[in-house]
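Quick look at run-v9.cif (mmCIF, C-alpha atoms; chains and numbers go by the auth columns):
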data_start
#
loop_
_atom_site.group_PDB
_atom_site.id
_atom_site.type_symbol
_atom_site.label_atom_id
_atom_site.label_comp_id
_atom_site.label_asym_id
_atom_site.label_seq_id
_atom_site.Cartn_x
_atom_site.Cartn_y
_atom_site.Cartn_z
_atom_site.B_iso_or_equiv
_atom_site.auth_seq_id
_atom_site.auth_asym_id
ATOM 1 C CA MET A 1 -273.373 3.318 7.816 0.00 626 A
ATOM 2 C CA ASN A 2 -274.425 4.586 4.365 0.00 627 A
ATOM 3 C CA VAL A 3 -270.792 5.498 3.607 0.00 628 A
ATOM 4 C CA ILE A 4 -269.567 2.026 4.597 0.00 629 A
ATOM 5 C CA TYR A 5 -272.307 0.374 2.547 0.00 630 A
ATOM 6 C CA ILE A 6 -271.665 2.459 -0.578 0.00 631 A
ATOM 7 C CA LEU A 7 -267.915 1.824 -0.513 0.00 632 A
ATOM 8 C CA TRP A 8 -268.537 -1.860 0.191 0.00 633 A
ATOM 9 C CA LEU A 9 -270.941 -2.049 -2.754 0.00 634 A
ATOM 10 C CA ARG A 10 -268.428 -0.317 -5.016 0.00 635 A
ATOM 11 C CA GLN A 11 -265.816 -2.994 -4.376 0.00 636 A
ATOM 12 C CA VAL A 12 -268.309 -5.813 -4.916 0.00 637 A
ATOM 13 C CA LYS A 13 -269.503 -4.298 -8.208 0.00 638 A
ATOM 14 C CA ARG A 14 -265.929 -3.829 -9.384 0.00 639 A
ATOM 15 C CA PHE A 15 -265.301 -7.504 -8.800 0.00 640 A
ATOM 16 C CA PHE A 16 -268.331 -8.755 -10.709 0.00 641 A
ATOM 17 C CA ARG A 17 -267.708 -6.364 -13.594 0.00 642 A
ATOM 18 C CA ALA A 18 -264.100 -7.559 -13.984 0.00 643 A
ATOM 19 C CA LYS A 19 -264.645 -10.903 -15.692 0.00 644 A
ATOM 20 C CA SER A 20 -260.924 -11.631 -15.730 0.00 645 A
ATOM 21 C CA ARG A 21 -260.819 -11.519 -11.908 0.00 646 A
ATOM 22 C CA ILE A 22 -263.656 -14.045 -11.728 0.00 647 A
ATOM 23 C CA VAL A 23 -261.910 -16.352 -14.207 0.00 648 A
ATOM 24 C CA GLY A 24 -258.659 -16.003 -12.270 0.00 649 A
ATOM 25 C CA ALA A 25 -260.484 -16.716 -9.010 0.00 650 A
ATOM 26 C CA VAL A 26 -261.576 -20.057 -10.468 0.00 651 A
ATOM 27 C CA GLY A 27 -258.657 -20.980 -12.724 0.00 652 A
ATOM 28 C CA GLN A 28 -255.664 -20.757 -10.405 0.00 653 A
ATOM 29 C CA PRO A 29 -257.210 -22.672 -7.448 0.00 654 A
ATOM 30 C CA LEU A 30 -258.518 -25.319 -9.861 0.00 655 A
ATOM 31 C CA LEU A 31 -254.982 -25.790 -11.197 0.00 656 A
ATOM 32 C CA PHE A 32 -253.631 -26.196 -7.653 0.00 657 A
ATOM 33 C CA LEU A 33 -256.361 -28.648 -6.703 0.00 658 A
ATOM 34 C CA LEU A 34 -255.872 -30.818 -9.770 0.00 659 A
ATOM 35 C CA ALA A 35 -252.077 -30.644 -10.012 0.00 660 A
ATOM 36 C CA LEU A 36 -251.368 -31.073 -6.304 0.00 661 A
ATOM 37 C CA GLY A 37 -254.472 -32.973 -5.213 0.00 662 A
ATOM 38 C CA TYR A 38 -254.089 -35.702 -7.801 0.00 663 A
ATOM 39 C CA GLY A 39 -250.380 -35.318 -8.524 0.00 664 A
ATOM 40 C CA LEU A 40 -249.257 -35.786 -4.921 0.00 665 A
ATOM 41 C CA GLY A 41 -252.311 -37.703 -3.749 0.00 666 A
ATOM 42 C CA ALA A 42 -250.779 -41.116 -4.351 0.00 667 A
ATOM 43 C CA VAL A 43 -247.605 -40.191 -2.438 0.00 668 A
ATOM 44 C CA TYR A 44 -249.648 -38.788 0.452 0.00 669 A
ATOM 45 C CA GLN A 45 -251.837 -41.887 0.579 0.00 670 A
ATOM 46 C CA ARG A 46 -248.825 -44.201 0.453 0.00 671 A
ATOM 47 C CA ALA A 47 -247.443 -42.409 3.474 0.00 672 A
ATOM 48 C CA GLY A 48 -250.583 -43.445 5.345 0.00 673 A
ATOM 49 C CA GLN A 49 -252.005 -39.922 5.611 0.00 674 A
ATOM 50 C CA GLY A 50 -255.299 -40.545 3.791 0.00 675 A
ATOM 51 C CA ASN A 51 -256.892 -38.492 1.005 0.00 676 A
ATOM 52 C CA TYR A 52 -254.652 -35.570 0.039 0.00 677 A
ATOM 53 C CA LEU A 53 -257.403 -33.769 -1.889 0.00 678 A
ATOM 54 C CA GLU A 54 -259.492 -33.551 1.268 0.00 679 A
ATOM 55 C CA PHE A 55 -256.468 -32.305 3.189 0.00 680 A
ATOM 56 C CA LEU A 56 -255.622 -29.757 0.482 0.00 681 A
ATOM 57 C CA VAL A 57 -259.015 -28.090 -0.056 0.00 682 A
ATOM 58 C CA PRO A 58 -259.006 -25.955 3.162 0.00 683 A
ATOM 59 C CA GLY A 59 -255.487 -24.783 2.358 0.00 684 A
ATOM 60 C CA ILE A 60 -256.417 -23.759 -1.190 0.00 685 A
ATOM 61 C CA MET A 61 -259.486 -21.922 0.111 0.00 686 A
ATOM 62 C CA ALA A 62 -257.268 -20.025 2.557 0.00 687 A
ATOM 63 C CA GLN A 63 -254.768 -19.292 -0.220 0.00 688 A
ATOM 64 C CA THR A 64 -257.499 -17.846 -2.426 0.00 689 A
ATOM 65 C CA VAL A 65 -258.789 -15.577 0.331 0.00 690 A
ATOM 66 C CA LEU A 66 -255.263 -14.468 1.261 0.00 691 A
ATOM 67 C CA PHE A 67 -254.268 -13.537 -2.289 0.00 692 A
ATOM 68 C CA SER A 68 -257.584 -11.868 -3.078 0.00 693 A
ATOM 69 C CA ALA A 69 -257.801 -9.833 0.135 0.00 694 A
ATOM 70 C CA MET A 70 -254.208 -8.641 -0.280 0.00 695 A
ATOM 71 C CA PHE A 71 -255.173 -7.397 -3.742 0.00 696 A
ATOM 72 C CA TYR A 72 -257.418 -4.778 -2.114 0.00 697 A
ATOM 73 C CA GLY A 73 -254.310 -2.693 -1.377 0.00 698 A
ATOM 74 C CA ALA A 74 -253.769 -2.449 -5.140 0.00 699 A
ATOM 75 C CA MET A 75 -257.267 -0.980 -5.444 0.00 700 A
ATOM 76 C CA ILE A 76 -256.186 1.836 -3.121 0.00 701 A
ATOM 77 C CA MET A 77 -253.189 2.449 -5.379 0.00 702 A
ATOM 78 C CA PHE A 78 -255.487 2.730 -8.400 0.00 703 A
ATOM 79 C CA ASP A 79 -257.798 5.103 -6.519 0.00 704 A
ATOM 80 C CA LYS A 80 -254.797 7.290 -5.701 0.00 705 A
ATOM 81 C CA GLN A 81 -253.691 7.413 -9.322 0.00 706 A
ATOM 82 C CA PHE A 82 -257.102 8.291 -10.732 0.00 707 A
ATOM 83 C CA GLY A 83 -258.023 10.833 -8.059 0.00 708 A
ATOM 84 C CA PHE A 84 -260.973 8.955 -6.574 0.00 709 A
ATOM 85 C CA LEU A 85 -259.306 8.614 -3.184 0.00 710 A
ATOM 86 C CA LYS A 86 -258.652 12.361 -2.923 0.00 711 A
ATOM 87 C CA GLU A 87 -262.346 13.075 -3.614 0.00 712 A
ATOM 88 C CA THR A 88 -263.345 10.535 -0.973 0.00 713 A
ATOM 89 C CA LEU A 89 -260.993 11.866 1.686 0.00 714 A
ATOM 90 C CA VAL A 90 -262.321 15.438 1.426 0.00 715 A
ATOM 91 C CA ALA A 91 -265.868 14.222 2.110 0.00 716 A
ATOM 92 C CA PRO A 92 -267.233 15.079 5.600 0.00 717 A
ATOM 93 C CA VAL A 93 -266.919 11.508 6.897 0.00 718 A
ATOM 94 C CA SER A 94 -264.318 9.824 9.069 0.00 719 A
ATOM 95 C CA ARG A 95 -261.425 8.047 7.427 0.00 720 A
ATOM 96 C CA LEU A 96 -262.184 5.023 9.570 0.00 721 A
ATOM 97 C CA ARG A 97 -265.516 4.587 7.772 0.00 722 A
ATOM 98 C CA ILE A 98 -263.842 5.003 4.406 0.00 723 A
ATOM 99 C CA MET A 99 -261.254 2.369 5.265 0.00 724 A
ATOM 100 C CA LEU A 100 -263.837 -0.035 6.690 0.00 725 A
ATOM 101 C CA GLY A 101 -266.164 0.285 3.713 0.00 726 A
ATOM 102 C CA GLY A 102 -263.469 -0.493 1.175 0.00 727 A
ATOM 103 C CA ALA A 103 -261.836 -3.213 3.285 0.00 728 A
ATOM 104 C CA LEU A 104 -265.155 -4.953 3.921 0.00 729 A
ATOM 105 C CA GLY A 105 -265.832 -4.859 0.183 0.00 730 A
ATOM 106 C CA GLY A 106 -262.427 -6.376 -0.519 0.00 731 A
ATOM 107 C CA ALA A 107 -263.032 -8.991 2.170 0.00 732 A
ATOM 108 C CA THR A 108 -266.441 -9.858 0.700 0.00 733 A
ATOM 109 C CA THR A 109 -265.008 -10.495 -2.761 0.00 734 A
ATOM 110 C CA ALA A 110 -262.259 -12.605 -1.177 0.00 735 A
ATOM 111 C CA VAL A 111 -264.834 -14.746 0.671 0.00 736 A
ATOM 112 C CA ILE A 112 -266.838 -15.152 -2.544 0.00 737 A
ATOM 113 C CA GLN A 113 -263.724 -16.460 -4.279 0.00 738 A
ATOM 114 C CA GLY A 114 -262.970 -18.768 -1.358 0.00 739 A
ATOM 115 C CA MET A 115 -266.464 -20.238 -1.549 0.00 740 A
ATOM 116 C CA LEU A 116 -266.111 -20.631 -5.317 0.00 741 A
ATOM 117 C CA VAL A 117 -263.118 -22.853 -4.597 0.00 742 A
ATOM 118 C CA PHE A 118 -265.265 -24.837 -2.171 0.00 743 A
ATOM 119 C CA PHE A 119 -267.951 -25.446 -4.804 0.00 744 A
ATOM 120 C CA ILE A 120 -265.327 -26.397 -7.393 0.00 745 A
ATOM 121 C CA SER A 121 -263.859 -28.886 -4.940 0.00 746 A
ATOM 122 C CA LEU A 122 -267.304 -30.464 -4.554 0.00 747 A
ATOM 123 C CA VAL A 123 -267.415 -31.020 -8.315 0.00 748 A
ATOM 124 C CA ILE A 124 -264.055 -32.834 -8.325 0.00 749 A
ATOM 125 C CA GLY A 125 -264.963 -35.123 -5.445 0.00 750 A
ATOM 126 C CA PHE A 126 -264.456 -33.324 -2.116 0.00 751 A
ATOM 127 C CA ARG A 127 -267.110 -33.822 0.579 0.00 752 A
ATOM 128 C CA PRO A 128 -267.148 -32.048 3.969 0.00 753 A
ATOM 129 C CA GLN A 129 -267.458 -34.217 7.052 0.00 754 A
ATOM 130 C CA ASN A 130 -270.351 -32.145 8.412 0.00 755 A
ATOM 131 C CA TRP A 131 -272.420 -29.882 6.144 0.00 756 A
ATOM 132 C CA LEU A 132 -273.591 -27.718 9.056 0.00 757 A
ATOM 133 C CA ALA A 133 -269.960 -26.970 9.927 0.00 758 A
ATOM 134 C CA VAL A 134 -269.591 -25.280 6.529 0.00 759 A
ATOM 135 C CA LEU A 135 -271.278 -22.243 8.121 0.00 760 A
ATOM 136 C CA THR A 136 -268.446 -22.130 10.663 0.00 761 A
ATOM 137 C CA THR A 137 -265.970 -22.357 7.785 0.00 762 A
ATOM 138 C CA LEU A 138 -267.643 -19.298 6.278 0.00 763 A
ATOM 139 C CA VAL A 139 -267.104 -17.400 9.538 0.00 764 A
ATOM 140 C CA ILE A 140 -263.423 -18.386 9.535 0.00 765 A
ATOM 141 C CA LEU A 141 -263.021 -17.263 5.924 0.00 766 A
ATOM 142 C CA SER A 142 -264.675 -13.944 6.805 0.00 767 A
ATOM 143 C CA LEU A 143 -262.331 -13.296 9.738 0.00 768 A
ATOM 144 C CA LEU A 144 -259.308 -14.128 7.600 0.00 769 A
ATOM 145 C CA ALA A 145 -260.523 -11.947 4.730 0.00 770 A
ATOM 146 C CA ILE A 146 -261.309 -8.929 6.941 0.00 771 A
ATOM 147 C CA SER A 147 -257.956 -9.089 8.726 0.00 772 A
ATOM 148 C CA ILE A 148 -255.951 -9.384 5.481 0.00 773 A
ATOM 149 C CA ALA A 149 -257.987 -6.685 3.679 0.00 774 A
ATOM 150 C CA CYS A 150 -257.413 -4.253 6.576 0.00 775 A
ATOM 151 C CA PHE A 151 -253.725 -5.130 6.591 0.00 776 A
ATOM 152 C CA SER A 152 -253.570 -4.600 2.832 0.00 777 A
ATOM 153 C CA SER A 153 -255.294 -1.228 3.127 0.00 778 A
ATOM 154 C CA GLY A 154 -252.665 -0.206 5.666 0.00 779 A
ATOM 155 C CA ILE A 155 -249.873 -1.148 3.254 0.00 780 A
ATOM 156 C CA GLY A 156 -251.597 0.573 0.332 0.00 781 A
ATOM 157 C CA SER A 157 -251.894 3.713 2.435 0.00 782 A
ATOM 158 C CA PHE A 158 -248.167 4.399 2.671 0.00 783 A
ATOM 159 C CA VAL A 159 -246.755 2.730 -0.465 0.00 784 A
ATOM 160 C CA GLU A 160 -246.519 5.222 -3.315 0.00 785 A
ATOM 161 C CA ASP A 161 -246.065 3.034 -6.404 0.00 786 A
ATOM 162 C CA MET A 162 -247.439 -0.250 -7.679 0.00 787 A
ATOM 163 C CA GLN A 163 -244.005 -1.873 -7.992 0.00 788 A
ATOM 164 C CA GLY A 164 -243.321 -1.218 -4.322 0.00 789 A
ATOM 165 C CA PHE A 165 -246.682 -2.666 -3.349 0.00 790 A
ATOM 166 C CA GLN A 166 -246.074 -5.771 -5.469 0.00 791 A
ATOM 167 C CA ALA A 167 -242.661 -6.302 -3.858 0.00 792 A
ATOM 168 C CA ILE A 168 -244.068 -5.997 -0.326 0.00 793 A
ATOM 169 C CA ASN A 169 -247.017 -8.173 -1.292 0.00 794 A
ATOM 170 C CA GLN A 170 -244.822 -11.018 -2.530 0.00 795 A
ATOM 171 C CA PHE A 171 -242.422 -10.663 0.391 0.00 796 A
ATOM 172 C CA LEU A 172 -245.292 -11.150 2.873 0.00 797 A
ATOM 173 C CA VAL A 173 -247.876 -13.328 1.143 0.00 798 A
ATOM 174 C CA PHE A 174 -245.760 -16.275 0.033 0.00 799 A
ATOM 175 C CA PRO A 175 -244.065 -16.877 3.417 0.00 800 A
ATOM 176 C CA LEU A 176 -247.429 -16.530 5.166 0.00 801 A
ATOM 177 C CA TYR A 177 -248.912 -19.164 2.886 0.00 802 A
ATOM 178 C CA PHE A 178 -246.098 -21.690 2.454 0.00 803 A
ATOM 179 C CA LEU A 179 -245.180 -21.636 6.162 0.00 804 A
ATOM 180 C CA SER A 180 -248.763 -22.149 7.325 0.00 805 A
ATOM 181 C CA GLY A 181 -249.113 -25.886 6.820 0.00 806 A
ATOM 182 C CA ALA A 182 -251.640 -25.342 4.027 0.00 807 A
ATOM 183 C CA LEU A 183 -249.874 -27.878 1.803 0.00 808 A
ATOM 184 C CA TYR A 184 -248.487 -30.282 4.416 0.00 809 A
ATOM 185 C CA PRO A 185 -249.370 -31.517 7.919 0.00 810 A
ATOM 186 C CA LEU A 186 -247.520 -29.882 10.812 0.00 811 A
ATOM 187 C CA ASP A 187 -247.289 -33.036 12.920 0.00 812 A
ATOM 188 C CA HIS A 188 -244.020 -34.347 11.484 0.00 813 A
ATOM 189 C CA VAL A 189 -242.227 -31.230 10.257 0.00 814 A
ATOM 190 C CA PRO A 190 -238.884 -30.039 11.729 0.00 815 A
ATOM 191 C CA ALA A 191 -239.112 -28.220 15.045 0.00 816 A
ATOM 192 C CA TRP A 192 -238.095 -24.831 13.580 0.00 817 A
ATOM 193 C CA LEU A 193 -240.850 -25.021 10.969 0.00 818 A
ATOM 194 C CA ARG A 194 -243.423 -25.930 13.622 0.00 819 A
ATOM 195 C CA ILE A 195 -242.341 -22.908 15.698 0.00 820 A
ATOM 196 C CA VAL A 196 -242.633 -20.597 12.673 0.00 821 A
ATOM 197 C CA ALA A 197 -246.111 -21.985 11.928 0.00 822 A
ATOM 198 C CA GLU A 198 -247.213 -21.313 15.499 0.00 823 A
ATOM 199 C CA PHE A 199 -246.426 -17.607 15.029 0.00 824 A
ATOM 200 C CA ASN A 200 -248.143 -17.478 11.649 0.00 825 A
ATOM 201 C CA PRO A 201 -251.836 -16.407 11.813 0.00 826 A
ATOM 202 C CA MET A 202 -252.514 -18.197 8.514 0.00 827 A
ATOM 203 C CA SER A 203 -251.722 -21.502 10.209 0.00 828 A
ATOM 204 C CA TYR A 204 -254.694 -21.057 12.535 0.00 829 A
ATOM 205 C CA ALA A 205 -257.080 -20.122 9.716 0.00 830 A
ATOM 206 C CA VAL A 206 -256.093 -23.229 7.739 0.00 831 A
ATOM 207 C CA ASP A 207 -256.257 -25.413 10.840 0.00 832 A
ATOM 208 C CA ALA A 208 -259.704 -24.124 11.774 0.00 833 A
ATOM 209 C CA MET A 209 -261.047 -24.855 8.302 0.00 834 A
ATOM 210 C CA ARG A 210 -259.547 -28.329 8.357 0.00 835 A
ATOM 211 C CA ASP A 211 -261.303 -28.958 11.651 0.00 836 A
ATOM 212 C CA THR A 212 -264.700 -27.800 10.382 0.00 837 A
ATOM 213 C CA LEU A 213 -264.448 -29.433 6.952 0.00 838 A
ATOM 214 C CA ILE A 214 -262.618 -32.740 7.502 0.00 839 A
ATOM 215 C CA GLY A 215 -262.327 -33.067 11.287 0.00 840 A
ATOM 216 C CA GLN A 216 -258.519 -32.711 11.491 0.00 841 A
ATOM 217 C CA THR A 217 -256.872 -30.155 13.774 0.00 842 A
ATOM 218 C CA HIS A 218 -253.383 -29.399 15.032 0.00 843 A
ATOM 219 C CA PHE A 219 -253.983 -26.492 17.419 0.00 844 A
ATOM 220 C CA GLY A 220 -257.647 -26.993 18.373 0.00 845 A
ATOM 221 C CA LEU A 221 -260.630 -24.986 17.137 0.00 846 A
ATOM 222 C CA ALA A 222 -260.916 -22.801 20.255 0.00 847 A
ATOM 223 C CA LYS A 223 -257.288 -21.662 19.987 0.00 848 A
ATOM 224 C CA ASP A 224 -257.720 -21.091 16.249 0.00 849 A
ATOM 225 C CA PHE A 225 -260.681 -18.764 16.824 0.00 850 A
ATOM 226 C CA ILE A 226 -258.937 -16.809 19.571 0.00 851 A
ATOM 227 C CA VAL A 227 -255.853 -16.224 17.424 0.00 852 A
ATOM 228 C CA LEU A 228 -257.972 -15.218 14.416 0.00 853 A
ATOM 229 C CA LEU A 229 -260.048 -12.779 16.480 0.00 854 A
ATOM 230 C CA VAL A 230 -256.966 -11.166 18.006 0.00 855 A
ATOM 231 C CA THR A 231 -255.309 -10.984 14.578 0.00 856 A
ATOM 232 C CA THR A 232 -258.400 -9.343 13.072 0.00 857 A
ATOM 233 C CA ILE A 233 -258.558 -6.719 15.820 0.00 858 A
ATOM 234 C CA VAL A 234 -254.831 -5.933 15.587 0.00 859 A
ATOM 235 C CA LEU A 235 -254.814 -5.676 11.780 0.00 860 A
ATOM 236 C CA MET A 236 -257.977 -3.558 11.749 0.00 861 A
ATOM 237 C CA GLY A 237 -256.206 -1.209 14.151 0.00 862 A
ATOM 238 C CA PHE A 238 -253.134 -1.153 11.899 0.00 863 A
ATOM 239 C CA GLY A 239 -255.219 -0.417 8.815 0.00 864 A
ATOM 240 C CA ALA A 240 -257.191 2.345 10.562 0.00 865 A
ATOM 241 C CA TYR A 241 -254.020 3.967 11.907 0.00 866 A
ATOM 242 C CA ARG A 242 -252.249 3.981 8.551 0.00 867 A
ATOM 243 C CA PHE A 243 -255.351 5.184 6.698 0.00 868 A
ATOM 244 C CA ARG A 244 -255.691 8.173 9.021 0.00 869 A
ATOM 245 C CA HIS A 245 -252.237 9.288 7.857 0.00 870 A
ATOM 246 C CA ILE A 246 -252.752 8.590 4.158 0.00 871 A
ATOM 247 C CA GLU A 247 -251.870 11.265 1.630 0.00 872 A
ATOM 248 C CA ALA A 248 -253.756 11.085 -1.639 0.00 873 A
#
Could you quickly redo this structure as structure tokens?
Amino acid sequence: MNVIYILWLRQVKRFFRAKSRIVGAVGQPLLFLLALGYGLGAVYQRAGQGNYLEFLVPGIMAQTVLFSAMFYGAMIMFDKQFGFLKETLVAPVSRLRIMLGGALGGATTAVIQGMLVFFISLVIGFRPQNWLAVLTTLVILSLLAISIACFSSGIGSFVEDMQGFQAINQFLVFPLYFLSGALYPLDHVPAWLRIVAEFNPMSYAVDAMRDTLIGQTHFGLAKDFIVLLVTTIVLMGFGAYRFRHIEA
């Protein structure tokens, strides 16, 4: 457990020492909340859907966690380039612990950024329906962050250059996000888009947070949790498998 803790702590310290990452964690979501929340709010309200800012906040929180947790794979690329990963892999500890420690650190920083978005949304007028349910939202964010960080570590394990990682990252992240219903309700979308959303794990993370924060759900909270748990287990397995075959 000491190995997992030390590698977790390393990722957390790297985040807090990189001031630009903290500014970016606040700036980009704030832009989305203000530009979309207020820019499209009137259109959304005219359509009889209610307050768009309230609808948008869970989606922006999920977006922040997704983008941040996927960035952990880039950290593996940096560790390869500077030789830190090679020194870690020759240590007398299992690669599973090494992967878990780093991934949990990446997931923790992603959850911190997601909660920063939540606090920013409170400042600009958002209010959760039930404050106690915010704890459940934190659990959902944690499951999403762990699954994506493990997935990202798996990708970082076999990609050899940063350009390749960036290309794969963009190819996966943007469809996952924009086809999840984070920016629009799934009730009245075309049938093909609804089917795609049902196979997208991000859809269930966003839906679960909407349920706990504003009381709106498309799939149901129980189904959301089951899908997120299964996704986390599968992606942890993928990350562990790829990390066992990594070459530093």
Carefully work through the PyMOL selection byres ((chain A and resi 843-852) around 8) for this structure and note down the residues it includes, as a ChimeraX atom specification.
/A:765,811-812,826,829-830,832-833,836,841-842,853-856
Given the choices A:Gly862, A:Gly698, A:Gly750, A:Pro654, which gets closest to Asn794 of chain A if the distance is worked out from only C-alpha atoms?
A:Gly698
Ranking A:Ser645, A:Thr734, A:Asn825, A:Ser719 by minimum distance to Phe803 of chain A and counting only C-alpha atoms, which one comes first?
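Under the stated criterion, the closest residue is A:Asn825.
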Can you measure atom CA of Arg722 of chain A to atom CA of Lys644 of chain A for me? One decimal in Å is fine.
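Spanning atom CA of Arg722 of chain A to atom CA of Lys644 of chain A is a straight-line distance of 28.1 Å.
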Residues returned when the PyMOL selection byres ((chain A and resi 747) around 12) runs on this file, as a PyMOL selection string
chain A and resi 655+658+678-679+682+740-746+748-753+756+838
For a test of reading the model, state the distance in Å between atom CA of Met787 of chain A and atom CA of Leu808 of chain A, rounded to one decimal.
29.3 Å
My list of candidates is A:Gln795, A:Thr857, A:Ser805, A:Ser777. Which is closest to Met724 of chain A when distances are computed with all atoms listed in the file?
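Closest candidate: A:Ser777.
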Kindly indicate which residue among A:Gln738, A:Met686, A:Phe799, A:Met695 lies nearest to Val648 of chain A, using only C-alpha atoms for the distances.
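The shortest atom-to-atom distance to Val648 of chain A comes from A:Gln738.
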Given the file above and the PyMOL selection byres ((chain A and resi 694) around 12), which residues are selected, and can you give them as an MDAnalysis selection string?
chainID A and resid 636 640 650 687:693 695:700 727:739 766:778 794 798
Okay, now the selection with C-alpha atoms, as a compact mmCIF listing (two decimals), in the frame of the given file?
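Final output, part.txt:
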# COMPACT_ATOMS: atom_id res chain seq x y z
CA GLN A 636 -265.82 -2.99 -4.38
CA PHE A 640 -265.30 -7.50 -8.80
CA ALA A 650 -260.48 -16.72 -9.01
CA ALA A 687 -257.27 -20.02 2.56
CA GLN A 688 -254.77 -19.29 -0.22
CA THR A 689 -257.50 -17.85 -2.43
CA VAL A 690 -258.79 -15.58 0.33
CA LEU A 691 -255.26 -14.47 1.26
CA PHE A 692 -254.27 -13.54 -2.29
CA SER A 693 -257.58 -11.87 -3.08
CA MET A 695 -254.21 -8.64 -0.28
CA PHE A 696 -255.17 -7.40 -3.74
CA TYR A 697 -257.42 -4.78 -2.11
CA GLY A 698 -254.31 -2.69 -1.38
CA ALA A 699 -253.77 -2.45 -5.14
CA MET A 700 -257.27 -0.98 -5.44
CA GLY A 727 -263.47 -0.49 1.18
CA ALA A 728 -261.84 -3.21 3.28
CA LEU A 729 -265.15 -4.95 3.92
CA GLY A 730 -265.83 -4.86 0.18
CA GLY A 731 -262.43 -6.38 -0.52
CA ALA A 732 -263.03 -8.99 2.17
CA THR A 733 -266.44 -9.86 0.70
CA THR A 734 -265.01 -10.50 -2.76
CA ALA A 735 -262.26 -12.60 -1.18
CA VAL A 736 -264.83 -14.75 0.67
CA ILE A 737 -266.84 -15.15 -2.54
CA GLN A 738 -263.72 -16.46 -4.28
CA GLY A 739 -262.97 -18.77 -1.36
CA LEU A 766 -263.02 -17.26 5.92
CA SER A 767 -264.68 -13.94 6.80
CA LEU A 768 -262.33 -13.30 9.74
CA LEU A 769 -259.31 -14.13 7.60
CA ALA A 770 -260.52 -11.95 4.73
CA ILE A 771 -261.31 -8.93 6.94
CA SER A 772 -257.96 -9.09 8.73
CA ILE A 773 -255.95 -9.38 5.48
CA ALA A 774 -257.99 -6.68 3.68
CA CYS A 775 -257.41 -4.25 6.58
CA PHE A 776 -253.72 -5.13 6.59
CA SER A 777 -253.57 -4.60 2.83
CA SER A 778 -255.29 -1.23 3.13
CA ASN A 794 -247.02 -8.17 -1.29
CA VAL A 798 -247.88 -13.33 1.14
